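Enquirer: Just so it is clear, I am handing over input.json, which has JSON, C-alpha atoms.
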[["chain", "number", "residue", "atom", "x", "y", "z"],
["A", 15, "MET", "CA", 66.09, 129.04, 164.55],
["A", 16, "ARG", "CA", 67.62, 125.59, 164.38],
["A", 17, "GLY", "CA", 70.17, 126.77, 161.81],
["A", 18, "ARG", "CA", 71.14, 129.72, 164.00],
["A", 19, "VAL", "CA", 71.66, 127.49, 167.02],
["A", 20, "GLY", "CA", 73.75, 125.13, 164.90],
["A", 21, "GLY", "CA", 75.83, 128.04, 163.64],
["A", 22, "TRP", "CA", 76.49, 129.27, 167.17],
["A", 23, "GLY", "CA", 77.39, 125.76, 168.27],
["A", 24, "LEU", "CA", 79.83, 125.41, 165.38],
["A", 25, "ALA", "CA", 81.38, 128.79, 166.17],
["A", 26, "LEU", "CA", 81.79, 127.92, 169.85],
["A", 27, "GLY", "CA", 83.30, 124.55, 168.98],
["A", 28, "LEU", "CA", 85.82, 126.10, 166.58],
["A", 29, "ALA", "CA", 86.68, 128.79, 169.15],
["A", 30, "PHE", "CA", 87.23, 126.11, 171.81],
["A", 31, "LEU", "CA", 89.56, 124.18, 169.50],
["A", 32, "TRP", "CA", 91.48, 127.03, 167.91],
["A", 33, "ALA", "CA", 91.67, 129.74, 170.59],
["A", 34, "PRO", "CA", 94.59, 128.05, 172.45],
["A", 35, "VAL", "CA", 96.45, 127.49, 169.19],
["A", 36, "LEU", "CA", 96.01, 131.10, 168.08],
["A", 37, "LEU", "CA", 97.11, 132.33, 171.50],
["A", 38, "LEU", "CA", 100.28, 130.25, 171.22],
["A", 39, "VAL", "CA", 101.00, 131.71, 167.78],
["A", 40, "GLY", "CA", 100.34, 135.22, 169.03],
["A", 41, "PHE", "CA", 102.69, 134.92, 172.01],
["A", 42, "ALA", "CA", 105.39, 133.56, 169.69],
["A", 43, "PHE", "CA", 105.78, 137.18, 168.51],
["A", 44, "SER", "CA", 106.04, 138.60, 172.03],
["A", 45, "ALA", "CA", 109.30, 140.23, 173.14],
["A", 46, "ASP", "CA", 108.78, 139.18, 176.76],
["A", 47, "ARG", "CA", 110.73, 136.24, 178.13],
["A", 48, "ILE", "CA", 107.70, 134.84, 179.92],
["A", 49, "PRO", "CA", 105.96, 132.54, 177.42],
["A", 50, "PHE", "CA", 102.42, 133.83, 178.08],
["A", 51, "GLN", "CA", 102.99, 137.49, 178.76],
["A", 52, "TRP", "CA", 102.85, 140.10, 176.01],
["A", 53, "GLY", "CA", 105.85, 142.43, 175.83],
["A", 54, "GLY", "CA", 105.54, 144.01, 172.41],
["A", 55, "PHE", "CA", 105.98, 142.64, 168.91],
["A", 56, "SER", "CA", 109.30, 140.92, 168.23],
["A", 57, "LEU", "CA", 110.84, 138.14, 166.15],
["A", 58, "ARG", "CA", 113.59, 137.43, 168.67],
["A", 59, "TRP", "CA", 112.26, 134.03, 169.62],
["A", 60, "PHE", "CA", 112.24, 132.79, 166.05],
["A", 61, "ALA", "CA", 115.91, 133.80, 165.84],
["A", 62, "ALA", "CA", 116.55, 132.06, 169.16],
["A", 63, "LEU", "CA", 114.80, 128.96, 167.86],
["A", 64, "ALA", "CA", 117.00, 128.92, 164.75],
["A", 65, "ALA", "CA", 120.06, 129.03, 167.02],
["A", 66, "ASN", "CA", 118.81, 126.32, 169.41],
["A", 67, "ASP", "CA", 120.57, 123.25, 168.01],
["A", 68, "ARG", "CA", 119.21, 120.91, 170.67],
["A", 69, "LEU", "CA", 115.59, 121.79, 169.98],
["A", 70, "ILE", "CA", 115.98, 121.66, 166.20],
["A", 71, "GLU", "CA", 117.85, 118.34, 166.38],
["A", 72, "ALA", "CA", 115.11, 116.84, 168.57],
["A", 73, "ALA", "CA", 112.41, 118.14, 166.21],
["A", 74, "TRP", "CA", 114.20, 116.72, 163.17],
["A", 75, "LEU", "CA", 114.69, 113.37, 164.92],
["A", 76, "SER", "CA", 111.00, 113.27, 165.85],
["A", 77, "LEU", "CA", 110.01, 113.93, 162.25],
["A", 78, "ARG", "CA", 112.26, 111.16, 160.95],
["A", 79, "ILE", "CA", 111.02, 108.69, 163.56],
["A", 80, "ALA", "CA", 107.40, 109.63, 162.89],
["A", 81, "ALA", "CA", 107.80, 109.17, 159.13],
["A", 82, "GLY", "CA", 109.50, 105.80, 159.52],
["A", 83, "ALA", "CA", 107.04, 104.59, 162.18],
["A", 84, "ALA", "CA", 104.05, 105.69, 160.08],
["A", 85, "THR", "CA", 105.41, 103.83, 157.04],
["A", 86, "LEU", "CA", 106.02, 100.68, 159.11],
["A", 87, "ALA", "CA", 102.55, 100.98, 160.65],
["A", 88, "MET", "CA", 101.00, 101.41, 157.21],
["A", 89, "LEU", "CA", 102.62, 98.21, 155.91],
["A", 90, "ILE", "CA", 101.83, 96.05, 158.94],
["A", 91, "GLY", "CA", 98.45, 97.55, 159.72],
["A", 92, "GLY", "CA", 97.40, 97.55, 156.06],
["A", 93, "ALA", "CA", 98.15, 93.83, 155.75],
["A", 94, "ALA", "CA", 96.37, 93.08, 159.02],
["A", 95, "GLY", "CA", 93.33, 95.15, 158.11],
["A", 96, "PHE", "CA", 93.12, 93.47, 154.71],
["A", 97, "ALA", "CA", 93.32, 90.02, 156.30],
["A", 98, "LEU", "CA", 90.60, 90.82, 158.82],
["A", 99, "ALA", "CA", 88.31, 92.29, 156.15],
["A", 100, "ARG", "CA", 88.82, 89.74, 153.37],
["A", 101, "TRP", "CA", 89.82, 86.48, 155.06],
["A", 102, "GLY", "CA", 86.84, 86.25, 157.35],
["A", 103, "GLY", "CA", 86.80, 82.49, 157.70],
["A", 104, "PHE", "CA", 90.31, 81.65, 158.92],
["A", 105, "GLY", "CA", 90.84, 80.21, 162.36],
["A", 106, "GLY", "CA", 91.97, 82.61, 165.06],
["A", 107, "ARG", "CA", 90.41, 85.64, 163.37],
["A", 108, "LEU", "CA", 88.82, 86.89, 166.59],
["A", 109, "LEU", "CA", 92.07, 86.38, 168.47],
["A", 110, "LEU", "CA", 94.02, 88.28, 165.80],
["A", 111, "GLY", "CA", 91.49, 91.12, 165.84],
["A", 112, "GLY", "CA", 91.69, 91.33, 169.62],
["A", 113, "LEU", "CA", 95.48, 91.34, 169.65],
["A", 114, "ILE", "CA", 95.65, 94.03, 166.97],
["A", 115, "GLY", "CA", 93.11, 96.22, 168.75],
["A", 116, "ALA", "CA", 94.63, 95.77, 172.22],
["A", 117, "PRO", "CA", 97.07, 98.74, 171.93],
["A", 118, "LEU", "CA", 94.06, 101.01, 171.33],
["A", 119, "VAL", "CA", 92.73, 100.41, 174.86],
["A", 120, "LEU", "CA", 95.84, 99.59, 176.89],
["A", 121, "PRO", "CA", 97.33, 102.44, 178.96],
["A", 122, "GLU", "CA", 100.49, 103.84, 177.39],
["A", 123, "VAL", "CA", 102.41, 103.05, 180.59],
["A", 124, "VAL", "CA", 101.64, 99.35, 180.18],
["A", 125, "THR", "CA", 102.48, 99.45, 176.46],
["A", 126, "GLY", "CA", 105.76, 101.28, 177.05],
["A", 127, "LEU", "CA", 106.85, 98.96, 179.83],
["A", 128, "SER", "CA", 105.99, 95.83, 177.84],
["A", 129, "LEU", "CA", 107.92, 97.10, 174.82],
["A", 130, "LEU", "CA", 110.90, 97.95, 177.01],
["A", 131, "LEU", "CA", 110.93, 94.43, 178.45],
["A", 132, "THR", "CA", 110.66, 93.02, 174.93],
["A", 133, "PHE", "CA", 113.65, 94.99, 173.68],
["A", 134, "VAL", "CA", 115.71, 94.06, 176.74],
["A", 135, "ALA", "CA", 114.87, 90.36, 176.28],
["A", 136, "LEU", "CA", 115.71, 90.51, 172.55],
["A", 137, "GLU", "CA", 119.04, 92.15, 173.25],
["A", 138, "ALA", "CA", 119.89, 89.51, 175.87],
["A", 139, "LEU", "CA", 118.97, 86.64, 173.51],
["A", 140, "THR", "CA", 120.19, 87.90, 170.13],
["A", 141, "GLY", "CA", 122.25, 91.02, 170.79],
["A", 142, "TRP", "CA", 119.75, 93.14, 168.84],
["A", 143, "PRO", "CA", 118.80, 95.89, 169.26],
["A", 144, "GLU", "CA", 122.02, 97.07, 170.85],
["A", 145, "GLY", "CA", 120.83, 99.49, 173.48],
["A", 146, "ARG", "CA", 117.88, 101.81, 173.15],
["A", 147, "GLY", "CA", 117.67, 104.77, 170.82],
["A", 148, "ALA", "CA", 115.91, 106.11, 167.76],
["A", 149, "LEU", "CA", 115.45, 102.60, 166.28],
["A", 150, "THR", "CA", 113.61, 101.23, 169.30],
["A", 151, "VAL", "CA", 111.39, 104.33, 169.43],
["A", 152, "LEU", "CA", 110.60, 103.85, 165.72],
["A", 153, "LEU", "CA", 109.73, 100.18, 166.22],
["A", 154, "ALA", "CA", 107.58, 100.95, 169.26],
["A", 155, "HIS", "CA", 105.67, 103.72, 167.49],
["A", 156, "GLY", "CA", 105.28, 101.58, 164.38],
["A", 157, "THR", "CA", 103.81, 98.76, 166.44],
["A", 158, "LEU", "CA", 101.42, 101.14, 168.16],
["A", 159, "GLY", "CA", 100.39, 102.86, 164.94],
["A", 160, "ALA", "CA", 99.75, 99.56, 163.14],
["A", 161, "ALA", "CA", 96.69, 99.01, 165.33],
["A", 162, "TYR", "CA", 95.16, 102.30, 164.18],
["A", 163, "VAL", "CA", 95.95, 101.63, 160.52],
["A", 164, "ALA", "CA", 94.43, 98.14, 160.73],
["A", 165, "VAL", "CA", 91.17, 99.52, 162.13],
["A", 166, "VAL", "CA", 90.93, 102.19, 159.42],
["A", 167, "VAL", "CA", 91.71, 99.76, 156.58],
["A", 168, "GLN", "CA", 89.31, 97.12, 157.89],
["A", 169, "ALA", "CA", 86.53, 99.70, 158.10],
["A", 170, "ARG", "CA", 87.27, 100.85, 154.56],
["A", 171, "LEU", "CA", 87.10, 97.33, 153.12],
["A", 172, "ALA", "CA", 84.08, 96.28, 155.16],
["A", 173, "GLY", "CA", 81.65, 97.79, 152.64],
["A", 174, "GLY", "CA", 80.29, 96.28, 149.45],
["A", 175, "GLU", "CA", 83.43, 96.78, 147.35],
["A", 176, "ARG", "CA", 83.98, 93.01, 147.38],
["A", 177, "VAL", "CA", 81.54, 92.87, 144.46],
["A", 178, "LEU", "CA", 83.99, 94.87, 142.33],
["A", 179, "GLU", "CA", 86.78, 92.38, 143.01],
["A", 180, "GLU", "CA", 84.53, 89.45, 142.15],
["A", 181, "ALA", "CA", 83.45, 91.21, 138.95],
["A", 182, "ALA", "CA", 87.09, 91.74, 137.97],
["A", 183, "MET", "CA", 87.87, 88.05, 138.52],
["A", 184, "ASP", "CA", 84.74, 87.03, 136.59],
["A", 185, "LEU", "CA", 86.11, 89.06, 133.67],
["A", 186, "GLY", "CA", 89.37, 87.09, 133.70],
["A", 187, "ALA", "CA", 91.57, 88.96, 136.17],
["A", 188, "GLY", "CA", 93.67, 86.84, 138.49],
["A", 189, "PRO", "CA", 93.70, 87.38, 142.27],
["A", 190, "PHE", "CA", 96.84, 89.53, 142.14],
["A", 191, "THR", "CA", 95.55, 91.59, 139.21],
["A", 192, "ALA", "CA", 92.21, 92.13, 140.97],
["A", 193, "PHE", "CA", 94.02, 93.20, 144.12],
["A", 194, "ARG", "CA", 96.32, 95.58, 142.23],
["A", 195, "THR", "CA", 93.67, 97.17, 140.04],
["A", 196, "VAL", "CA", 90.62, 97.13, 142.33],
["A", 197, "THR", "CA", 91.38, 96.46, 145.99],
["A", 198, "LEU", "CA", 94.55, 98.48, 146.37],
["A", 199, "PRO", "CA", 93.05, 101.68, 144.90],
["A", 200, "LEU", "CA", 90.16, 101.25, 147.34],
["A", 201, "MET", "CA", 92.63, 100.91, 150.20],
["A", 202, "VAL", "CA", 94.74, 103.95, 149.28],
["A", 203, "PRO", "CA", 92.56, 106.57, 151.09],
["A", 204, "ALA", "CA", 92.50, 104.41, 154.23],
["A", 205, "LEU", "CA", 96.24, 103.77, 154.02],
["A", 206, "ALA", "CA", 96.90, 107.49, 153.62],
["A", 207, "ALA", "CA", 94.62, 108.34, 156.55],
["A", 208, "GLY", "CA", 96.25, 105.64, 158.67],
["A", 209, "TRP", "CA", 99.72, 106.90, 157.78],
["A", 210, "LEU", "CA", 98.82, 110.44, 158.82],
["A", 211, "LEU", "CA", 97.24, 109.20, 162.04],
["A", 212, "ALA", "CA", 100.29, 107.07, 162.92],
["A", 213, "PHE", "CA", 102.60, 109.99, 162.03],
["A", 214, "THR", "CA", 100.71, 112.33, 164.35],
["A", 215, "LEU", "CA", 100.63, 109.81, 167.20],
["A", 216, "SER", "CA", 104.37, 109.20, 166.91],
["A", 217, "LEU", "CA", 105.19, 112.90, 166.74],
["A", 218, "ASP", "CA", 103.09, 113.56, 169.85],
["A", 219, "ASP", "CA", 104.07, 110.55, 171.97],
["A", 220, "LEU", "CA", 105.93, 111.04, 175.23],
["A", 221, "VAL", "CA", 105.14, 108.09, 177.50],
["A", 222, "VAL", "CA", 106.10, 105.17, 175.24],
["A", 223, "ALA", "CA", 109.17, 107.00, 173.91],
["A", 224, "SER", "CA", 110.35, 107.67, 177.47],
["A", 225, "PHE", "CA", 110.36, 103.93, 178.17],
["A", 226, "VAL", "CA", 112.09, 102.69, 175.00],
["A", 227, "SER", "CA", 114.48, 105.53, 174.14],
["A", 228, "GLY", "CA", 118.04, 106.21, 175.16],
["A", 229, "PRO", "CA", 120.53, 109.08, 174.93],
["A", 230, "GLN", "CA", 120.48, 108.86, 171.13],
["A", 231, "GLY", "CA", 116.70, 108.80, 170.89],
["A", 232, "THR", "CA", 115.57, 111.97, 172.66],
["A", 233, "THR", "CA", 112.47, 113.14, 170.81],
["A", 234, "LEU", "CA", 110.95, 116.61, 170.82],
["A", 235, "PRO", "CA", 108.23, 115.87, 173.41],
["A", 236, "MET", "CA", 110.91, 114.50, 175.75],
["A", 237, "VAL", "CA", 113.04, 117.64, 175.34],
["A", 238, "LEU", "CA", 110.05, 119.89, 175.98],
["A", 239, "PHE", "CA", 108.97, 117.89, 179.03],
["A", 240, "SER", "CA", 112.46, 118.07, 180.53],
["A", 241, "ALA", "CA", 112.60, 121.82, 179.81],
["A", 242, "LEU", "CA", 109.29, 122.26, 181.61],
["A", 243, "ARG", "CA", 111.01, 121.60, 184.93],
["A", 244, "LEU", "CA", 113.38, 124.53, 184.41],
["A", 245, "GLY", "CA", 110.84, 126.83, 182.82],
["A", 246, "LEU", "CA", 109.83, 127.18, 179.19],
["A", 247, "THR", "CA", 110.77, 130.12, 177.00],
["A", 248, "PRO", "CA", 108.82, 131.60, 174.07],
["A", 249, "GLU", "CA", 111.04, 129.52, 171.77],
["A", 250, "VAL", "CA", 108.44, 126.81, 172.32],
["A", 251, "ASN", "CA", 105.75, 129.16, 171.06],
["A", 252, "ALA", "CA", 107.85, 129.94, 168.00],
["A", 253, "LEU", "CA", 108.33, 126.22, 167.36],
["A", 254, "GLY", "CA", 104.58, 125.68, 167.63],
["A", 255, "ALA", "CA", 103.95, 128.48, 165.14],
["A", 256, "VAL", "CA", 106.44, 126.97, 162.66],
["A", 257, "ILE", "CA", 104.89, 123.50, 163.00],
["A", 258, "LEU", "CA", 101.41, 124.96, 162.52],
["A", 259, "LEU", "CA", 102.59, 126.78, 159.39],
["A", 260, "LEU", "CA", 104.11, 123.62, 157.93],
["A", 261, "ALA", "CA", 101.01, 121.56, 158.77],
["A", 262, "GLY", "CA", 98.77, 124.19, 157.16],
["A", 263, "ALA", "CA", 100.93, 124.20, 154.03],
["A", 264, "LEU", "CA", 100.74, 120.41, 153.77],
["A", 265, "VAL", "CA", 96.96, 120.41, 154.25],
["A", 266, "GLY", "CA", 96.58, 123.14, 151.63],
["A", 267, "LEU", "CA", 98.74, 121.20, 149.18],
["A", 268, "ALA", "CA", 96.70, 118.04, 149.78],
["A", 269, "MET", "CA", 93.47, 119.95, 149.16],
["A", 270, "LEU", "CA", 94.83, 121.41, 145.92],
["A", 271, "LEU", "CA", 95.92, 117.97, 144.70],
["A", 272, "LEU", "CA", 92.55, 116.48, 145.63],
["A", 273, "ARG", "CA", 90.72, 119.28, 143.85],
["A", 274, "ALA", "CA", 92.88, 118.88, 140.75],
["A", 275, "ARG", "CA", 92.18, 115.14, 140.76],
["A", 276, "ARG", "CA", 88.43, 115.74, 141.01],
["A", 277, "VAL", "CA", 88.52, 118.24, 138.16],
["A", 278, "GLU", "CA", 90.52, 115.78, 136.06],
["A", 279, "GLY", "CA", 88.04, 113.02, 136.83],
["A", 280, "GLN", "CA", 85.10, 115.22, 135.89],
["A", 281, "GLY", "CA", 86.86, 116.14, 132.65],
["A", 282, "GLU", "CA", 87.41, 112.52, 131.75],
["A", 283, "GLY", "CA", 83.81, 111.70, 132.63],
["A", 284, "GLY", "CA", 82.55, 114.52, 130.43]]
Would you put the structure from the file into structure tokens?
Expert:
Amino acid sequence: MRGRVGGWGLALGLAFLWAPVLLLVGFAFSADRIPFQWGGFSLRWFAALAANDRLIEAAWLSLRIAAGAATLAMLIGGAAGFALARWGGFGGRLLLGGLIGAPLVLPEVVTGLSLLLTFVALEALTGWPEGRGALTVLLAHGTLGAAYVAVVVQARLAGGERVLEEAAMDLGAGPFTAFRTVTLPLMVPALAAGWLLAFTLSLDDLVVASFVSGPQGTTLPMVLFSALRLGLTPEVNALGAVILLLAGALVGLAMLLLRARRVEGQGEGG
């Protein structure tokens, strides 16, 4: 009985999560101009999407910004998470942890406005950055994503793996060698998870990007939000279907690589 109830709960949860996504994909193949009205099977909106230079340019810009911001967040957040997990005795640790975690709880309006004021003050004092655009959006998203990466890395290193580092140093490895051969491999899953999280947050962000962007930094969420005032077309559904297909392909590739690595590890262990 308990297993049946759990199965129904799992099915309802999956339906709640995936039904809207599947509806969006289904209506991407509708011939009707109204985004959520079925008018017969058609691929016209995929062709219209391919011809929509503004939408494709915004999507490509968002992908580039998200990749750069996620990489920046991984570097900064990884270093911060390592410091919080391994250098527990330094002065100001609680203050550093609070400052790093602050973006997780602050409203995005406050974060966006504070970053805008920061960029304006920097430009007035140093002349950089000159105006707002893709670079300022990348820096803002990287700063925001670093908080998430730091939390993930700190949680990963908070376990008992410190014993492995101490064992490596007892066997003659220096601090750098122990970090490179023991600590860094332990951090890789957390760094990868943090990178993906920061990438997704950057790709999805609208509020912060609206504050710190300019004419040359119009991301995909901003284009879609502005189009919402005039009325969306099923091109948006087609774009969602394409993004879902690409995301599914990347997840499938990651699963295949992980499975191959496990099989290789089992083979070496045997």
Enquirer: Sorted by chain and rising residue number, which residues of segment 200-225 of chain A lie within 10 Å of segment 144-154 of chain A, and what are their closest atom pairs and distances in Å to one decimal, counting all atoms listed in the file, as JSON lines?
Expert:
{"residue": "A:Ser216", "atom": "CA", "partner": "A:Leu152", "partner_atom": "CA", "distance": 8.3}
{"residue": "A:Asp219", "atom": "CA", "partner": "A:Val151", "partner_atom": "CA", "distance": 9.9}
{"residue": "A:Val222", "atom": "CA", "partner": "A:Ala154", "partner_atom": "CA", "distance": 7.5}
{"residue": "A:Ala223", "atom": "CA", "partner": "A:Val151", "partner_atom": "CA", "distance": 5.7}
{"residue": "A:Ser224", "atom": "CA", "partner": "A:Val151", "partner_atom": "CA", "distance": 8.8}
{"residue": "A:Phe225", "atom": "CA", "partner": "A:Val151", "partner_atom": "CA", "distance": 8.8}
Enquirer: Neighbouring residues of segment 173-188 of chain A were defined as those with any atom within 10 Å, considering only C-alpha atoms; residues of the same chain fewer than 5 positions away were excluded. Please report them as a ChimeraX atom specification.
Expert: /A:99-100,168,193-197,200
Enquirer: Go through segment 201-257 of chain A residue by residue and, counting all atoms listed in the file, keep those with an atom at most 10 Å from segment 26-41 of chain A; for each kept residue give the shortest atom pair and its distance in Å to one decimal, ordered by chain and increasing number, as a Markdown table.
Expert:
| residue | atom | partner | partner_atom | distance |
| --- | --- | --- | --- | --- |
| A:Pro248 | CA | A:Phe41 | CA | 7.3 |
| A:Glu249 | CA | A:Phe41 | CA | 9.9 |
| A:Val250 | CA | A:Leu38 | CA | 8.9 |
| A:Asn251 | CA | A:Leu38 | CA | 5.6 |
| A:Ala252 | CA | A:Val39 | CA | 7.1 |
| A:Leu253 | CA | A:Val39 | CA | 9.2 |
| A:Gly254 | CA | A:Val39 | CA | 7.0 |
| A:Ala255 | CA | A:Val39 | CA | 5.1 |
| A:Val256 | CA | A:Val39 | CA | 8.8 |
Enquirer: What is the distance between atom CA of Phe133 of chain A and atom CA of Thr232 of chain A, in Å to one decimal?
Expert: 17.1 Å
Enquirer: Identify, on the basis of all atoms listed in the file, every residue whose closest approach to segment 129-131 of chain A does not exceed 8 Å; exclude the query and any residue fewer than 3 positions from it along the same chain; express the result as a PyMOL selection string.
Expert: chain A and resi 125-126+134-135+154+225-226
Enquirer: Interatomic distance between atom CA of Ile48 of chain A and atom CA of Leu246 of chain A?
Expert: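 Computed distance, atom CA of Ile48 of chain A to atom CA of Leu246 of chain A, equals 8.0 Å.
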Enquirer: Quote the spacing between atom CA of Leu109 of chain A and atom CA of Ala94 of chain A in Å to one decimal place.
Expert: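 Separation between atom CA of Leu109 of chain A and atom CA of Ala94 of chain A: 12.4 Å.
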Enquirer: With only C-alpha atoms as the basis for distance, which of A:Ala97, A:Ala241, A:Leu259, A:Leu215 is at the shortest distance from Ile79 of chain A?
Expert: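 Between A:Ala97, A:Ala241, A:Leu259, A:Leu215, the residue approaching Ile79 of chain A most closely is A:Leu215.
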Enquirer: Nearest residue to Ile114 of chain A out of A:Ala80, A:Leu260, A:Val221, A:Ile90, using only C-alpha atoms?
Expert: A:Ile90
Enquirer: Quick one: residues within 8 Å of Ala160 of chain A, only C-alpha atoms, excluding same-chain residues fewer than 4 positions away - as a list in words?
Expert: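 With the cut-off at 8 Å, the set is Leu86, Ala87, Met88, Leu89, Ile90, Gly91, Gly92, Ile114, Gly156, Ala164 and Ala212 of chain A.
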